[in-house]
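Comments concern the structure below.
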Amino acid sequence: QVLLVESGGGSVQAGSSLRLSCFVAERIFGSFVLGWFRQAPGKQRELVASITNSSRTYHSDSVKGRFAISRDNAKNTVYLQMNSLKPEDTAIYYCARGSRSYVFDLWGQGTQVTVSS
């Protein structure tokens, strides 16, 4: 059963914006934390942003001020608004479910974001 489904990726020019969406199955949407990760070719997967079930957010230093995570509880969806995109933001972006200790154990299939200069 697919529990997290990402969408919204694409190919854009530097300086553009994209909004990623992650539809989360009802039975796990109330999990402690939902996060957006990314993995660029040849690099480790990194946490970009997260949001708890009480809407406490975290953004990594590399995206702070440009990206914003949010959630719509009525739609079981988590969003990642990405503004002022840079070529170094190029990666596959994944949505994931995490525990109170921030161990992420359920993952979506990923969506590709490509930013050209």
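In the structure tokens, chains take letters A, B, ... by order of appearance, with residues numbered from 1 within each chain and ligands from 1 in the order shown.
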Show which residues sit within 6 Å of Ala14 of chain A, as a PyMOL selection string. Count only C-alpha atoms, and ignore same-chain residues fewer than 5 positions away.
chain A and resi 85-86+115-117
Show me, as JSON, numbers by chain, the residues that have an atom within 7 Å of Phe37 of chain A when counting only C-alpha atoms, minus same-chain residues fewer than 5 positions from it.
{"A": [45, 46, 47, 48, 93, 94, 95]}
Segment 1-106 of chain A: which residues are alpha helix (DSSP H) by DSSP, as a count of residues only?
4
Nearest to Ala40 of chain A, chosen from A:Pro87, A:Gly108, A:Gly65, A:Gly9, with only C-alpha atoms counted in the distances:
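Distance minimum relative to Ala40 of chain A lands on A:Pro87.
With only C-alpha atoms taken into account, the protein and nucleic acid residues at most 9 Å from segment 25-27 of chain A (excluding it and anything under 4 positions from it in its own chain) are Val2, Leu3, Leu4, Val5, Ser31, Asn76 and Thr77 of chain A.
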Preceding selection exported with N, CA, C and O atoms as a PDB file, in the first residue's frame:
ATOM      1  N   VAL A   2       0.587   2.175  -0.894  1.00  0.00           N
ATOM      2  CA  VAL A   2       1.337   3.411  -0.976  1.00  0.00           C
ATOM      3  C   VAL A   2       0.789   4.373   0.065  1.00  0.00           C
ATOM      4  O   VAL A   2      -0.401   4.696   0.055  1.00  0.00           O
ATOM      5  N   LEU A   3       1.658   4.824   0.948  1.00  0.00           N
ATOM      6  CA  LEU A   3       1.217   5.655   2.065  1.00  0.00           C
ATOM      7  C   LEU A   3       1.585   7.118   1.919  1.00  0.00           C
ATOM      8  O   LEU A   3       0.987   7.972   2.585  1.00  0.00           O
ATOM      9  N   LEU A   4       2.599   7.417   1.094  1.00  0.00           N
ATOM     10  CA  LEU A   4       3.008   8.795   0.856  1.00  0.00           C
ATOM     11  C   LEU A   4       3.240   8.972  -0.644  1.00  0.00           C
ATOM     12  O   LEU A   4       3.987   8.177  -1.238  1.00  0.00           O
ATOM     13  N   VAL A   5       2.636   9.970  -1.229  1.00  0.00           N
ATOM     14  CA  VAL A   5       2.742  10.191  -2.666  1.00  0.00           C
ATOM     15  C   VAL A   5       3.115  11.643  -2.927  1.00  0.00           C
ATOM     16  O   VAL A   5       2.329  12.553  -2.640  1.00  0.00           O
ATOM     17  N   SER A  31       1.031  11.137  12.421  1.00  0.00           N
ATOM     18  CA  SER A  31       2.341  10.758  12.970  1.00  0.00           C
ATOM     19  C   SER A  31       3.059  11.973  13.535  1.00  0.00           C
ATOM     20  O   SER A  31       2.764  13.115  13.160  1.00  0.00           O
ATOM     21  N   ASN A  76      -4.962  16.026   4.212  1.00  0.00           N
ATOM     22  CA  ASN A  76      -3.921  15.020   4.474  1.00  0.00           C
ATOM     23  C   ASN A  76      -2.696  15.268   3.592  1.00  0.00           C
ATOM     24  O   ASN A  76      -2.116  14.335   3.036  1.00  0.00           O
ATOM     25  N   THR A  77      -2.300  16.502   3.481  1.00  0.00           N
ATOM     26  CA  THR A  77      -1.234  16.870   2.561  1.00  0.00           C
ATOM     27  C   THR A  77      -0.210  17.769   3.247  1.00  0.00           C
ATOM     28  O   THR A  77      -0.575  18.657   4.014  1.00  0.00           O
TER      29      THR A  77
END
Near-Ser101 of chain A list (12 Å; only C-alpha atoms; drop same-chain fewer than 4 positions) as a ChimeraX atom specification
/A:31-33,52,97,105
Give me, as number ranges by chain, the residues of segment 16-110 of chain A that a backbone DSSP run labels strand (DSSP E or B).
A: 18-24, 33-39, 46-52, 57-59, 67-72, 77-82, 91-98, 104-107
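For the set A:Val113, A:Gly42, A:Arg66, A:Leu34, the residue with the smallest atom-to-atom gap to Gly98 of chain A is A:Leu34, counting only C-alpha atoms.
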